[in-house]
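Coordinates as given in structure28.pdb (PDB, C-alpha atoms, pLDDT in the B column):
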```pdb
MODEL        1
ATOM      1  CA  MET B 636       0.000   0.000   0.000  1.00 87.00           C
ATOM      2  CA  ASP B 637       2.970   2.291   0.623  1.00 90.00           C
ATOM      3  CA  ALA B 638       4.004   1.931  -3.024  1.00 94.00           C
ATOM      4  CA  VAL B 639       0.694   3.378  -4.207  1.00 95.00           C
ATOM      5  CA  GLY B 640       0.452   5.998  -1.489  1.00 94.00           C
ATOM      6  CA  VAL B 641      -2.333   4.444   0.574  1.00 91.00           C
ATOM      7  CA  ARG B 642      -2.022   4.621   4.331  1.00 90.00           C
ATOM      8  CA  ILE B 643      -3.553   1.639   6.058  1.00 87.00           C
ATOM      9  CA  LYS B 644      -3.733   0.535   9.657  1.00 86.00           C
ATOM     10  CA  PHE B 645      -4.743  -2.967  10.654  1.00 86.00           C
ATOM     11  CA  LYS B 646      -6.770  -3.415  13.790  1.00 86.00           C
ATOM     12  CA  LYS B 647      -6.632  -6.562  15.893  1.00 90.00           C
ATOM     13  CA  GLY B 648      -9.621  -7.466  17.997  1.00 91.00           C
ATOM     14  CA  ARG B 649     -12.164 -10.005  19.126  1.00 93.00           C
ATOM     15  CA  PHE B 650     -14.635 -11.404  16.621  1.00 91.00           C
ATOM     16  CA  ALA B 651     -17.610 -10.406  18.781  1.00 93.00           C
ATOM     17  CA  ASP B 652     -16.385  -6.801  18.866  1.00 93.00           C
ATOM     18  CA  PHE B 653     -16.043  -6.735  15.067  1.00 90.00           C
ATOM     19  CA  ILE B 654     -19.607  -8.050  14.734  1.00 88.00           C
ATOM     20  CA  LYS B 655     -20.838  -5.202  16.960  1.00 90.00           C
ATOM     21  CA  GLU B 656     -18.909  -2.635  14.922  1.00 91.00           C
ATOM     22  CA  SER B 657     -20.190  -4.111  11.663  1.00 87.00           C
ATOM     23  CA  ASN B 658     -23.792  -4.006  12.885  1.00 86.00           C
ATOM     24  CA  ALA B 659     -23.305  -0.407  13.992  1.00 89.00           C
ATOM     25  CA  GLY B 660     -21.809   0.559  10.626  1.00 87.00           C
ATOM     26  CA  THR B 661     -18.510   1.733  12.107  1.00 89.00           C
ATOM     27  CA  LEU B 662     -16.253  -0.981  10.679  1.00 85.00           C
ATOM     28  CA  GLN B 663     -14.661   0.120   7.417  1.00 83.00           C
ATOM     29  CA  MET B 664     -13.796  -3.318   6.054  1.00 82.00           C
ATOM     30  CA  TRP B 665     -13.028  -6.816   7.187  1.00 81.00           C
ATOM     31  CA  ASN B 666     -12.687 -10.372   6.029  1.00 81.00           C
ATOM     32  CA  LEU B 667     -15.594 -12.710   6.647  1.00 79.00           C
ATOM     33  CA  SER B 668     -16.687 -15.992   5.142  1.00 76.00           C
ATOM     34  CA  TRP B 669     -20.004 -17.723   4.712  1.00 76.00           C
ATOM     35  CA  SER B 670     -21.109 -21.263   3.996  1.00 73.00           C
ATOM     36  CA  ALA B 671     -24.346 -22.033   2.221  1.00 72.00           C
ATOM     37  CA  GLY B 672     -27.168 -23.301   4.399  1.00 71.00           C
ATOM     38  CA  SER B 673     -29.486 -24.238   1.557  1.00 75.00           C
ATOM     39  CA  PRO B 674     -29.411 -24.513  -2.215  1.00 78.00           C
ATOM     40  CA  SER B 675     -31.585 -21.407  -2.610  1.00 82.00           C
ATOM     41  CA  GLY B 676     -30.042 -18.178  -3.842  1.00 88.00           C
ATOM     42  CA  ASP B 677     -32.343 -16.282  -1.458  1.00 91.00           C
ATOM     43  CA  PHE B 678     -29.903 -16.612   1.440  1.00 89.00           C
ATOM     44  CA  TRP B 679     -27.046 -15.068  -0.519  1.00 90.00           C
ATOM     45  CA  MET B 680     -29.061 -12.293  -2.101  1.00 95.00           C
ATOM     46  CA  GLY B 681     -30.520 -11.349   1.279  1.00 94.00           C
ATOM     47  CA  LEU B 682     -26.985 -10.458   2.386  1.00 93.00           C
ATOM     48  CA  PHE B 683     -27.129  -7.478   0.002  1.00 96.00           C
ATOM     49  CA  TYR B 684     -30.763  -6.405   0.426  1.00 97.00           C
ATOM     50  CA  GLY B 685     -30.859  -2.737   1.515  1.00 97.00           C
ATOM     51  CA  PRO B 686     -33.314  -3.086   4.459  1.00 96.00           C
ATOM     52  CA  ASN B 687     -31.029  -5.784   5.921  1.00 94.00           C
ATOM     53  CA  GLY B 688     -28.301  -3.168   6.522  1.00 90.00           C
ATOM     54  CA  GLY B 689     -27.128  -3.397  10.116  1.00 85.00           C
ATOM     55  CA  LYS B 690     -28.322  -7.014  10.241  1.00 87.00           C
ATOM     56  CA  SER B 691     -27.094  -9.498   7.646  1.00 87.00           C
ATOM     57  CA  ASN B 692     -26.167  -6.846   5.036  1.00 91.00           C
ATOM     58  CA  ASP B 693     -22.715  -6.056   6.459  1.00 88.00           C
ATOM     59  CA  ALA B 694     -21.787  -4.074   3.341  1.00 90.00           C
ATOM     60  CA  ARG B 695     -24.866  -1.875   3.929  1.00 92.00           C
ATOM     61  CA  MET B 696     -25.511  -1.984   0.216  1.00 95.00           C
ATOM     62  CA  LYS B 697     -28.512   0.112  -0.801  1.00 96.00           C
ATOM     63  CA  LEU B 698     -29.291  -0.225  -4.467  1.00 98.00           C
ATOM     64  CA  ALA B 699     -32.916   0.233  -5.522  1.00 98.00           C
ATOM     65  CA  PRO B 700     -32.724  -1.934  -8.689  1.00 98.00           C
ATOM     66  CA  PHE B 701     -31.231  -4.809  -6.671  1.00 98.00           C
ATOM     67  CA  ASP B 702     -33.796  -4.424  -3.891  1.00 98.00           C
ATOM     68  CA  ARG B 703     -36.693  -4.494  -6.379  1.00 98.00           C
ATOM     69  CA  LEU B 704     -35.381  -7.677  -7.981  1.00 98.00           C
ATOM     70  CA  TYR B 705     -34.853  -9.267  -4.570  1.00 98.00           C
ATOM     71  CA  GLU B 706     -38.379  -8.394  -3.442  1.00 98.00           C
ATOM     72  CA  ARG B 707     -39.808  -9.944  -6.612  1.00 98.00           C
ATOM     73  CA  SER B 708     -37.741 -13.110  -6.137  1.00 97.00           C
ATOM     74  CA  ARG B 709     -38.921 -13.526  -2.533  1.00 96.00           C
ATOM     75  CA  VAL B 710     -42.519 -14.234  -3.558  1.00 96.00           C
ATOM     76  CA  MET B 711     -41.689 -16.592  -6.414  1.00 96.00           C
ATOM     77  CA  ALA B 712     -41.515 -20.362  -6.383  1.00 95.00           C
ATOM     78  CA  PRO B 713     -38.349 -21.949  -7.781  1.00 93.00           C
ATOM     79  CA  SER B 714     -38.538 -21.429 -11.521  1.00 95.00           C
ATOM     80  CA  PRO B 715     -36.470 -20.344 -14.520  1.00 96.00           C
ATOM     81  CA  GLU B 716     -37.869 -16.830 -14.051  1.00 97.00           C
ATOM     82  CA  ARG B 717     -36.616 -16.662 -10.452  1.00 97.00           C
ATOM     83  CA  THR B 718     -33.243 -17.993 -11.608  1.00 96.00           C
ATOM     84  CA  ARG B 719     -33.088 -15.131 -14.119  1.00 97.00           C
ATOM     85  CA  LEU B 720     -33.764 -12.652 -11.305  1.00 97.00           C
ATOM     86  CA  TYR B 721     -30.886 -14.173  -9.307  1.00 97.00           C
ATOM     87  CA  GLN B 722     -28.668 -13.840 -12.369  1.00 97.00           C
ATOM     88  CA  ASP B 723     -29.642 -10.191 -12.780  1.00 98.00           C
ATOM     89  CA  MET B 724     -28.937  -9.545  -9.093  1.00 97.00           C
ATOM     90  CA  THR B 725     -25.571 -11.284  -9.446  1.00 95.00           C
ATOM     91  CA  ARG B 726     -24.657  -9.002 -12.355  1.00 97.00           C
ATOM     92  CA  LEU B 727     -25.422  -5.960 -10.200  1.00 97.00           C
ATOM     93  CA  LEU B 728     -23.245  -7.373  -7.412  1.00 95.00           C
ATOM     94  CA  LEU B 729     -20.377  -7.866  -9.838  1.00 94.00           C
ATOM     95  CA  VAL B 730     -20.702  -4.295 -11.143  1.00 95.00           C
ATOM     96  CA  TYR B 731     -21.080  -2.521  -7.777  1.00 95.00           C
ATOM     97  CA  ALA B 732     -18.781  -4.917  -5.849  1.00 93.00           C
ATOM     98  CA  PRO B 733     -19.991  -4.455  -2.271  1.00 92.00           C
ATOM     99  CA  TRP B 734     -17.854  -7.500  -1.449  1.00 88.00           C
ATOM    100  CA  VAL B 735     -14.623  -8.831  -2.847  1.00 84.00           C
ATOM    101  CA  PHE B 736     -15.324 -12.468  -3.630  1.00 79.00           C
ATOM    102  CA  HIS B 737     -12.019 -14.220  -3.234  1.00 77.00           C
ATOM    103  CA  ALA B 738     -12.130 -17.915  -2.420  1.00 72.00           C
ATOM    104  CA  HIS B 739     -14.034 -21.090  -2.972  1.00 71.00           C
ATOM    105  CA  TYR B 740     -12.628 -24.108  -1.227  1.00 74.00           C
ATOM    106  CA  ILE B 741     -12.759 -27.574  -2.717  1.00 77.00           C
ATOM    107  CA  SER B 742     -12.807 -30.459  -0.272  1.00 76.00           C
ATOM    108  CA  THR B 743     -11.804 -34.057  -0.775  1.00 79.00           C
ATOM    109  CA  HIS B 744     -13.517 -36.631   1.411  1.00 80.00           C
ATOM    110  CA  LEU B 745     -11.959 -40.006   2.127  1.00 81.00           C
ATOM    111  CA  THR B 746     -13.478 -42.827   4.111  1.00 85.00           C
ATOM    112  CA  GLN B 747     -12.446 -46.253   5.329  1.00 87.00           C
ATOM    113  CA  PRO B 748     -14.233 -49.582   4.754  1.00 86.00           C
ATOM    114  CA  TRP B 749     -15.291 -49.717   8.417  1.00 87.00           C
ATOM    115  CA  VAL B 750     -17.216 -46.432   8.170  1.00 88.00           C
ATOM    116  CA  ARG B 751     -20.918 -46.973   7.453  1.00 85.00           C
ATOM    117  CA  GLY B 752     -23.495 -44.397   6.439  1.00 82.00           C
ATOM    118  CA  TYR B 753     -21.124 -41.829   4.966  1.00 84.00           C
ATOM    119  CA  LYS B 754     -22.641 -39.615   2.320  1.00 82.00           C
ATOM    120  CA  LYS B 755     -21.359 -36.081   1.803  1.00 81.00           C
ATOM    121  CA  HIS B 756     -24.153 -33.615   2.390  1.00 77.00           C
ATOM    122  CA  PRO B 757     -23.975 -30.503   0.206  1.00 74.00           C
ATOM    123  CA  PHE B 758     -24.395 -28.123   3.180  1.00 72.00           C
ATOM    124  CA  VAL B 759     -24.093 -29.921   6.534  1.00 72.00           C
ATOM    125  CA  GLN B 760     -20.473 -29.818   7.647  1.00 72.00           C
ATOM    126  CA  SER B 761     -20.633 -32.019  10.745  1.00 74.00           C
ATOM    127  CA  ASN B 762     -22.220 -35.219   9.512  1.00 74.00           C
ATOM    128  CA  TRP B 763     -19.798 -37.339  11.584  1.00 76.00           C
ATOM    129  CA  ARG B 764     -22.450 -37.801  14.266  1.00 76.00           C
ATOM    130  CA  TYR B 765     -24.569 -39.781  11.804  1.00 77.00           C
ATOM    131  CA  LEU B 766     -21.870 -42.346  10.977  1.00 82.00           C
ATOM    132  CA  ASP B 767     -21.363 -45.852  12.303  1.00 86.00           C
ATOM    133  CA  LEU B 768     -18.136 -47.764  12.701  1.00 86.00           C
ATOM    134  CA  VAL B 769     -18.124 -51.530  12.291  1.00 88.00           C
ATOM    135  CA  ARG B 770     -15.405 -54.012  13.151  1.00 80.00           C
ATOM    136  CA  THR B 771     -13.699 -55.535  10.165  1.00 71.00           C
ATOM    137  CA  GLN B 772     -12.245 -59.031  10.250  1.00 64.00           C
TER
ENDMDL
END
```
Please rewrite the model in this file as structure tokens.
Amino acid sequence: MDAVGVRIKFKKGRFADFIKESNAGTLQMWNLSWSAGSPSGDFWMGLFYGPNGGKSNDARMKLAPFDRLYERSRVMAPSPERTRLYQDMTRLLLVYAPWVFHAHYISTHLTQPWVRGYKKHPFVQSNWRYLDLVRTQ
């Protein structure tokens, strides 16, 4: 940042304190990650919906065209039309860039013959509690 003349100061702190600052709108920027909880695009688009500022909309994005599309999508059943609305909202996110999207992790899952019941769930991370171990001979 020095090379381009930008002064920057990094702040260390507790996660809970950063959440409070983010909700209050006093945190300039930070790094946060999310994991999908369902296959619906509604969860992700809600993170940019203007009225969710100070709640889940940490970027406090307020963009009327996006909000109108989101409101329309909320009352629609899954359909190609709703998918098109999500695509239009995604284009707006890419143009206005309220977030910097930077990583998508790929996981490899290995199992042993004595593990029974393993099936990778697309969203649940802690499926270990649903597994059985059997003795092999």
Can you pull out the residues contacting Gly752 (chain B)? Cut-off 9 Å, using all atoms listed in the file, and skip same-chain residues under 4 positions away; I want them as a list in words. Tyr765, Leu766, Asp767 and Leu768 of chain B
Of the candidates B:Gly676, B:Pro686, B:Pro733, B:Ile741, which one gets nearest to Ala712 (chain B) if we count all atoms listed in the file? B:Gly676
Long-range neighbours of Trp679 (chain B) as a PyMOL selection string, 10 Å cut-off, all atoms listed in the file, 5 positions minimum in chain: chain B and resi 669-674+684+691-692+721+725
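Of the listed residues (B:Gly660, B:Thr746, B:Ser675, B:His737), B:Ser675 comes nearest to Ser714 (chain B); the distances count only C-alpha atoms.
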Output check: residues returned by the PyMOL selection byres ((chain B and resi 718) around 12), as a ChimeraX atom specification: /B:675-677,680,704-705,707-709,711-717,719-725
Output file for the residues above (C-alpha atoms, as a PDB file, in the coordinates of the input):
```pdb
ATOM      1  CA  SER B 675     -31.585 -21.407  -2.610  1.00 82.00           C
ATOM      2  CA  GLY B 676     -30.042 -18.178  -3.842  1.00 88.00           C
ATOM      3  CA  ASP B 677     -32.343 -16.282  -1.458  1.00 91.00           C
ATOM      4  CA  MET B 680     -29.061 -12.293  -2.101  1.00 95.00           C
ATOM      5  CA  LEU B 704     -35.381  -7.677  -7.981  1.00 98.00           C
ATOM      6  CA  TYR B 705     -34.853  -9.267  -4.570  1.00 98.00           C
ATOM      7  CA  ARG B 707     -39.808  -9.944  -6.612  1.00 98.00           C
ATOM      8  CA  SER B 708     -37.741 -13.110  -6.137  1.00 97.00           C
ATOM      9  CA  ARG B 709     -38.921 -13.526  -2.533  1.00 96.00           C
ATOM     10  CA  MET B 711     -41.689 -16.592  -6.414  1.00 96.00           C
ATOM     11  CA  ALA B 712     -41.515 -20.362  -6.383  1.00 95.00           C
ATOM     12  CA  PRO B 713     -38.349 -21.949  -7.781  1.00 93.00           C
ATOM     13  CA  SER B 714     -38.538 -21.429 -11.521  1.00 95.00           C
ATOM     14  CA  PRO B 715     -36.470 -20.344 -14.520  1.00 96.00           C
ATOM     15  CA  GLU B 716     -37.869 -16.830 -14.051  1.00 97.00           C
ATOM     16  CA  ARG B 717     -36.616 -16.662 -10.452  1.00 97.00           C
ATOM     17  CA  ARG B 719     -33.088 -15.131 -14.119  1.00 97.00           C
ATOM     18  CA  LEU B 720     -33.764 -12.652 -11.305  1.00 97.00           C
ATOM     19  CA  TYR B 721     -30.886 -14.173  -9.307  1.00 97.00           C
ATOM     20  CA  GLN B 722     -28.668 -13.840 -12.369  1.00 97.00           C
ATOM     21  CA  ASP B 723     -29.642 -10.191 -12.780  1.00 98.00           C
ATOM     22  CA  MET B 724     -28.937  -9.545  -9.093  1.00 97.00           C
ATOM     23  CA  THR B 725     -25.571 -11.284  -9.446  1.00 95.00           C
TER      24      THR B 725
END
```
